[in-house]
Amino acid sequence: MVHEIICSHVDVQALQARSDERLIVKLVSLESVRIAHESYALLCPLVELRSSWLCPHLDLLSLLAGLAKELHKVEHDLLPPLMVQEAKLEGGVLEALVLLKSSAMTLLRLGECIKENREEKLGESLEDEDEFSDRVEEVGVHLQDTADHVLKGTRKIVFLQARVPVLLQLVKALLAIPFFFPSSE
């Protein structure tokens, strides 16, 4: 079997030209979380089409792709309506807050699933050394706390509008970090 090392989205794209009968696709890293969905969208059909191709970390890439999609939704669809100066806690703003809370819970769960998957692949606990999961948790908690405070009435819309730029910065920072797959060696 031929082994192909993948360290970037470009490497995933290059697989489209491969015609190897048997191939093991070894995911090592992606240059950013932001690109994970596109990488998964390219790689998954290739592995499924060629039944003799294996990708041991495809399930982890799937979780990372879901995380990237959720972060993208928060960045482009949910936070921008909350920055409007004359926003009131009704209609679209209320809907965006409820969806933001839901997205925060989804991010927290995906972060846990990614951590569990990485631990399973490594065969050991990542208790104190999983910076990636800590960053996902930080973003999820900040999003959820902000939405909760405003929805419960403990904070006003002005608090929300002041927090949105900070939340947007956290989301963009998480999308920009590289992701390293656990080594099975």
# chains A, B, ... in the order shown; residues from 1 in each chain; ligands from 1

$ residues_around --residues "region 48-64 of chain A" --least-positions-apart "4" --cutoff "7 Å" --atoms "only C-alpha atoms" --output "PyMOL selection string"
chain A and resi 21-27+36+40+44+68+110+114+117

$ select_by_dssp --residues "chain A" --states "strand (DSSP E or B)" --output "JSON, numbers by chain"
{"A": [2, 3, 4, 5, 6, 23, 24, 25, 26, 27, 29, 30, 53, 54, 179, 180]}

$ write_last_selection --atoms "all heavy atoms" --output "compact mmCIF listing (two decimals), in the first residue's frame"
# COMPACT_ATOMS: atom_id res chain seq x y z
N VAL A 2 0.44 2.22 -0.74
CA VAL A 2 1.13 3.50 -0.81
C VAL A 2 0.57 4.40 0.29
O VAL A 2 -0.63 4.44 0.52
CB VAL A 2 0.91 4.16 -2.19
CG1 VAL A 2 1.55 5.52 -2.26
CG2 VAL A 2 1.42 3.26 -3.30
N HIS A 3 1.47 5.12 0.97
CA HIS A 3 1.07 6.06 2.01
C HIS A 3 1.21 7.47 1.47
O HIS A 3 2.25 7.82 0.90
CB HIS A 3 1.95 5.91 3.26
CG HIS A 3 1.73 4.63 3.97
ND1 HIS A 3 0.94 4.52 5.08
CD2 HIS A 3 2.19 3.38 3.73
CE1 HIS A 3 0.93 3.28 5.50
NE2 HIS A 3 1.68 2.56 4.69
N GLU A 4 0.18 8.28 1.66
CA GLU A 4 0.23 9.68 1.24
C GLU A 4 0.05 10.55 2.47
O GLU A 4 -0.96 10.46 3.17
CB GLU A 4 -0.86 9.97 0.21
CG GLU A 4 -0.82 11.36 -0.36
CD GLU A 4 0.43 11.65 -1.19
OE1 GLU A 4 0.98 10.71 -1.82
OE2 GLU A 4 0.86 12.81 -1.22
N ILE A 5 1.03 11.40 2.72
CA ILE A 5 1.02 12.29 3.88
C ILE A 5 0.31 13.59 3.47
O ILE A 5 0.66 14.20 2.47
CB ILE A 5 2.46 12.63 4.35
CG1 ILE A 5 3.25 11.36 4.61
CG2 ILE A 5 2.43 13.57 5.53
CD1 ILE A 5 2.91 10.62 5.85
N ILE A 6 -0.66 14.01 4.29
CA ILE A 6 -1.42 15.22 4.01
C ILE A 6 -1.12 16.25 5.10
O ILE A 6 -1.40 16.03 6.28
CB ILE A 6 -2.95 14.94 3.98
CG1 ILE A 6 -3.28 13.85 2.96
CG2 ILE A 6 -3.75 16.21 3.75
CD1 ILE A 6 -2.98 14.20 1.52
N LEU A 23 -4.32 2.98 -1.33
CA LEU A 23 -3.68 4.16 -0.78
C LEU A 23 -4.14 4.38 0.66
O LEU A 23 -5.33 4.24 0.97
CB LEU A 23 -4.05 5.39 -1.62
CG LEU A 23 -3.41 6.72 -1.26
CD1 LEU A 23 -1.93 6.72 -1.61
CD2 LEU A 23 -4.11 7.85 -1.99
N ILE A 24 -3.20 4.70 1.52
CA ILE A 24 -3.53 5.10 2.89
C ILE A 24 -3.26 6.60 2.97
O ILE A 24 -2.13 7.05 2.76
CB ILE A 24 -2.69 4.34 3.93
CG1 ILE A 24 -3.05 2.86 3.90
CG2 ILE A 24 -2.93 4.92 5.32
CD1 ILE A 24 -2.26 2.00 4.85
N VAL A 25 -4.30 7.35 3.25
CA VAL A 25 -4.20 8.80 3.36
C VAL A 25 -3.97 9.13 4.83
O VAL A 25 -4.84 8.91 5.66
CB VAL A 25 -5.48 9.49 2.84
CG1 VAL A 25 -5.36 10.99 2.98
CG2 VAL A 25 -5.76 9.08 1.39
N LYS A 26 -2.77 9.63 5.13
CA LYS A 26 -2.42 9.94 6.51
C LYS A 26 -2.52 11.45 6.72
O LYS A 26 -1.68 12.21 6.24
CB LYS A 26 -1.01 9.45 6.83
CG LYS A 26 -0.60 9.70 8.26
CD LYS A 26 0.70 9.01 8.56
CE LYS A 26 1.29 9.19 9.89
NZ LYS A 26 0.65 9.70 10.97
N LEU A 27 -3.57 11.86 7.42
CA LEU A 27 -3.74 13.28 7.73
C LEU A 27 -2.81 13.66 8.87
O LEU A 27 -2.85 13.06 9.95
CB LEU A 27 -5.19 13.56 8.13
CG LEU A 27 -6.25 13.32 7.05
CD1 LEU A 27 -7.64 13.43 7.63
CD2 LEU A 27 -6.07 14.30 5.90
N SER A 29 -1.83 17.38 9.24
CA SER A 29 -2.25 18.72 9.67
C SER A 29 -3.05 19.41 8.57
O SER A 29 -3.02 18.99 7.41
CB SER A 29 -1.03 19.57 10.03
OG SER A 29 -0.22 19.76 8.89
N LEU A 30 -3.74 20.45 8.98
CA LEU A 30 -4.38 21.39 8.05
C LEU A 30 -3.91 22.77 8.46
O LEU A 30 -3.74 23.05 9.65
CB LEU A 30 -5.91 21.32 8.12
CG LEU A 30 -6.57 20.12 7.47
CD1 LEU A 30 -8.07 20.18 7.68
CD2 LEU A 30 -6.24 20.07 5.97
N TRP A 53 -9.01 2.73 -0.76
CA TRP A 53 -8.32 3.83 -0.09
C TRP A 53 -8.76 3.87 1.36
O TRP A 53 -9.94 3.71 1.67
CB TRP A 53 -8.66 5.15 -0.75
CG TRP A 53 -7.93 5.44 -2.03
CD1 TRP A 53 -7.41 4.54 -2.89
CD2 TRP A 53 -7.69 6.72 -2.59
NE1 TRP A 53 -6.84 5.18 -3.96
CE2 TRP A 53 -7.00 6.53 -3.80
CE3 TRP A 53 -7.99 8.01 -2.20
CZ2 TRP A 53 -6.60 7.58 -4.62
CZ3 TRP A 53 -7.60 9.06 -3.00
CH2 TRP A 53 -6.90 8.85 -4.20
N LEU A 54 -7.82 4.11 2.25
CA LEU A 54 -8.12 4.22 3.68
C LEU A 54 -7.68 5.58 4.20
O LEU A 54 -6.64 6.09 3.79
CB LEU A 54 -7.39 3.13 4.46
CG LEU A 54 -7.71 1.68 4.11
CD1 LEU A 54 -6.77 0.75 4.86
CD2 LEU A 54 -9.15 1.38 4.44
N PHE A 179 -4.55 22.90 12.55
CA PHE A 179 -5.01 21.73 13.30
C PHE A 179 -4.04 20.58 13.02
O PHE A 179 -3.71 20.32 11.87
CB PHE A 179 -6.43 21.31 12.88
CG PHE A 179 -6.96 20.18 13.70
CD1 PHE A 179 -7.52 20.39 14.94
CD2 PHE A 179 -6.87 18.88 13.22
CE1 PHE A 179 -7.99 19.35 15.71
CE2 PHE A 179 -7.35 17.81 13.98
CZ PHE A 179 -7.91 18.05 15.22
N PHE A 180 -3.62 19.90 14.09
CA PHE A 180 -2.72 18.77 13.96
C PHE A 180 -3.44 17.50 14.37
O PHE A 180 -3.98 17.42 15.47
CB PHE A 180 -1.46 18.99 14.82
CG PHE A 180 -0.70 20.20 14.39
CD1 PHE A 180 -0.91 21.43 14.98
CD2 PHE A 180 0.22 20.11 13.35
CE1 PHE A 180 -0.22 22.56 14.56
CE2 PHE A 180 0.92 21.23 12.92
CZ PHE A 180 0.70 22.46 13.53

$ closest_residue --among "A:Val12, A:Val93, A:Ala176, A:Val74" --to "Pro45 (chain A)" --atoms "only C-alpha atoms"
A:Val12

$ atom_distance --atom1 "CA of Gln161 (chain A)" --atom2 "CA of Gly66 (chain A)"
27.0 Å

$ residues_around --residues "region 129-136 of chain A" --least-positions-apart "5" --cutoff "7 Å" --atoms "only C-alpha atoms" --output "VMD selection string"
chain A and resid 107 to 108 111 115 174

$ write_last_selection --atoms "C-alpha atoms" --output "PDB file, in the first residue's frame"
ATOM      1  CA  LEU A 107     -19.448  24.005  19.438  1.00  0.00           C
ATOM      2  CA  LEU A 108     -18.962  22.771  23.012  1.00  0.00           C
ATOM      3  CA  GLY A 111     -15.053  20.239  20.906  1.00  0.00           C
ATOM      4  CA  LYS A 115     -11.025  15.685  22.113  1.00  0.00           C
ATOM      5  CA  LEU A 174     -10.168  29.800  16.250  1.00  0.00           C
TER       6      LEU A 174
END

$ atom_distance --atom1 "CA of Val141 (chain A)" --atom2 "CA of Ala104 (chain A)"
6.9 Å

$ residues_around --residues "region 101-103 of chain A" --least-positions-apart "3" --cutoff "6 Å" --atoms "only C-alpha atoms" --output "PyMOL selection string"
chain A and resi 98+106+144+147

$ select_by_dssp --residues "region 64-160 of chain A" --states "alpha helix (DSSP H)" --output "PyMOL selection string"
chain A and resi 64-73+91-122+131-151+157-160

$ residues_around --residues "Asp145 (chain A)" --least-positions-apart "5" --cutoff "12 Å" --atoms "only C-alpha atoms" --output "number ranges by chain"
A: 97-98, 100-102, 104-105, 137-140, 150-152, 154-155, 159-160, 163, 167

$ write_last_selection --atoms "all heavy atoms" --output "compact mmCIF listing (two decimals), in the first residue's frame"
# COMPACT_ATOMS: atom_id res chain seq x y z
N LEU A 97 -29.93 35.56 18.71
CA LEU A 97 -29.44 35.20 20.05
C LEU A 97 -29.75 33.74 20.41
O LEU A 97 -28.91 33.04 20.96
CB LEU A 97 -30.06 36.11 21.11
CG LEU A 97 -29.31 37.40 21.40
CD1 LEU A 97 -30.12 38.30 22.31
CD2 LEU A 97 -27.95 37.12 22.00
N VAL A 98 -30.97 33.32 20.10
CA VAL A 98 -31.35 31.93 20.38
C VAL A 98 -30.49 30.98 19.55
O VAL A 98 -29.99 29.96 20.06
CB VAL A 98 -32.86 31.71 20.12
CG1 VAL A 98 -33.23 30.24 20.17
CG2 VAL A 98 -33.70 32.50 21.11
N LEU A 100 -27.54 31.69 18.37
CA LEU A 100 -26.17 31.80 18.87
C LEU A 100 -25.96 30.88 20.07
O LEU A 100 -24.94 30.20 20.16
CB LEU A 100 -25.88 33.26 19.27
CG LEU A 100 -24.46 33.56 19.71
CD1 LEU A 100 -23.48 33.35 18.57
CD2 LEU A 100 -24.37 34.99 20.22
N LYS A 101 -26.94 30.84 20.96
CA LYS A 101 -26.85 29.94 22.11
C LYS A 101 -26.80 28.48 21.64
O LYS A 101 -26.00 27.68 22.14
CB LYS A 101 -28.03 30.15 23.04
CG LYS A 101 -27.98 29.27 24.27
CD LYS A 101 -29.12 29.54 25.23
CE LYS A 101 -29.02 28.56 26.39
NZ LYS A 101 -30.00 28.83 27.42
N SER A 102 -27.63 28.14 20.67
CA SER A 102 -27.64 26.79 20.12
C SER A 102 -26.30 26.45 19.47
O SER A 102 -25.76 25.36 19.66
CB SER A 102 -28.78 26.65 19.10
OG SER A 102 -28.74 25.40 18.48
N ALA A 104 -23.44 27.77 20.22
CA ALA A 104 -22.44 27.66 21.29
C ALA A 104 -22.48 26.25 21.89
O ALA A 104 -21.43 25.64 22.12
CB ALA A 104 -22.72 28.70 22.38
N MET A 105 -23.66 25.74 22.12
CA MET A 105 -23.79 24.38 22.68
C MET A 105 -23.26 23.35 21.68
O MET A 105 -22.62 22.37 22.08
CB MET A 105 -25.24 24.11 23.08
CG MET A 105 -25.67 24.98 24.25
SD MET A 105 -27.32 24.76 24.96
CE MET A 105 -28.35 24.28 23.66
N GLU A 137 -13.59 25.30 23.69
CA GLU A 137 -14.42 25.49 24.88
C GLU A 137 -14.51 26.97 25.25
O GLU A 137 -15.59 27.47 25.60
CB GLU A 137 -13.84 24.70 26.06
CG GLU A 137 -14.70 24.80 27.30
CD GLU A 137 -14.17 23.98 28.47
OE1 GLU A 137 -13.13 23.30 28.33
OE2 GLU A 137 -14.80 24.03 29.53
N GLU A 138 -13.40 27.68 25.17
CA GLU A 138 -13.40 29.11 25.48
C GLU A 138 -14.39 29.88 24.59
O GLU A 138 -15.19 30.67 25.07
CB GLU A 138 -11.98 29.68 25.31
CG GLU A 138 -11.91 31.18 25.53
CD GLU A 138 -10.55 31.77 25.15
OE1 GLU A 138 -9.76 31.10 24.45
OE2 GLU A 138 -10.30 32.92 25.55
N VAL A 139 -14.33 29.61 23.30
CA VAL A 139 -15.24 30.29 22.36
C VAL A 139 -16.68 29.91 22.66
O VAL A 139 -17.56 30.77 22.75
CB VAL A 139 -14.87 29.96 20.89
CG1 VAL A 139 -15.93 30.47 19.93
CG2 VAL A 139 -13.50 30.54 20.55
N GLY A 140 -16.95 28.62 22.83
CA GLY A 140 -18.31 28.16 23.11
C GLY A 140 -18.88 28.76 24.39
O GLY A 140 -20.03 29.21 24.42
N VAL A 150 -28.13 38.02 27.99
CA VAL A 150 -29.08 38.91 27.32
C VAL A 150 -30.47 38.27 27.28
O VAL A 150 -31.47 38.94 27.56
CB VAL A 150 -28.58 39.30 25.91
CG1 VAL A 150 -29.60 40.17 25.20
CG2 VAL A 150 -27.23 40.01 26.01
N LEU A 151 -30.55 36.99 26.98
CA LEU A 151 -31.85 36.31 26.91
C LEU A 151 -32.55 36.27 28.27
O LEU A 151 -33.77 36.38 28.35
CB LEU A 151 -31.69 34.89 26.36
CG LEU A 151 -31.38 34.80 24.87
CD1 LEU A 151 -30.99 33.37 24.49
CD2 LEU A 151 -32.55 35.28 24.03
N LYS A 152 -31.78 36.12 29.33
CA LYS A 152 -32.35 36.07 30.69
C LYS A 152 -32.61 37.46 31.26
O LYS A 152 -33.20 37.58 32.33
CB LYS A 152 -31.43 35.29 31.63
CG LYS A 152 -31.37 33.82 31.30
CD LYS A 152 -30.40 33.09 32.21
CE LYS A 152 -30.33 31.62 31.85
NZ LYS A 152 -29.29 30.92 32.62
N THR A 154 -30.36 39.60 32.36
CA THR A 154 -29.38 40.08 33.34
C THR A 154 -28.43 41.11 32.74
O THR A 154 -27.73 41.80 33.47
CB THR A 154 -28.56 38.90 33.94
OG1 THR A 154 -27.91 38.20 32.89
CG2 THR A 154 -29.46 37.96 34.72
N ARG A 155 -28.38 41.19 31.43
CA ARG A 155 -27.60 42.20 30.71
C ARG A 155 -28.46 42.80 29.61
O ARG A 155 -29.34 42.15 29.06
CB ARG A 155 -26.34 41.59 30.08
CG ARG A 155 -25.37 41.00 31.04
CD ARG A 155 -24.69 42.08 31.84
NE ARG A 155 -23.66 41.48 32.68
CZ ARG A 155 -22.55 42.07 32.99
NH1 ARG A 155 -22.30 43.28 32.57
NH2 ARG A 155 -21.66 41.47 33.76
N PHE A 159 -24.72 45.71 26.32
CA PHE A 159 -23.70 44.74 26.70
C PHE A 159 -23.40 43.82 25.52
O PHE A 159 -22.25 43.55 25.19
CB PHE A 159 -24.19 43.91 27.90
CG PHE A 159 -23.40 42.66 28.16
CD1 PHE A 159 -22.19 42.70 28.83
CD2 PHE A 159 -23.89 41.41 27.75
CE1 PHE A 159 -21.46 41.54 29.07
CE2 PHE A 159 -23.17 40.25 27.99
CZ PHE A 159 -21.95 40.32 28.65
N LEU A 160 -24.46 43.36 24.87
CA LEU A 160 -24.32 42.46 23.72
C LEU A 160 -23.53 43.14 22.60
O LEU A 160 -22.60 42.56 22.05
CB LEU A 160 -25.70 42.03 23.22
CG LEU A 160 -25.73 41.22 21.94
CD1 LEU A 160 -25.06 39.87 22.15
CD2 LEU A 160 -27.16 41.04 21.47
N ARG A 163 -19.94 43.27 23.29
CA ARG A 163 -19.30 41.95 23.27
C ARG A 163 -19.10 41.37 21.87
O ARG A 163 -18.20 40.56 21.66
CB ARG A 163 -20.13 40.95 24.09
CG ARG A 163 -20.23 41.22 25.55
CD ARG A 163 -19.04 40.79 26.34
NE ARG A 163 -18.82 39.36 26.21
CZ ARG A 163 -17.63 38.79 26.32
NH1 ARG A 163 -16.57 39.49 26.59
NH2 ARG A 163 -17.51 37.48 26.19
N LEU A 167 -16.34 38.67 20.56
CA LEU A 167 -16.76 37.32 20.16
C LEU A 167 -16.32 37.03 18.73
O LEU A 167 -15.83 35.93 18.43
CB LEU A 167 -18.28 37.18 20.29
CG LEU A 167 -18.85 37.30 21.70
CD1 LEU A 167 -20.37 37.31 21.66
CD2 LEU A 167 -18.34 36.19 22.59

$ closest_residue --among "A:Leu42, A:Val33, A:Pro182, A:Met1" --to "Glu124 (chain A)" --atoms "only C-alpha atoms"
A:Pro182

$ atom_distance --atom1 "CA of Cys7 (chain A)" --atom2 "CA of Glu112 (chain A)"
23.5 Å
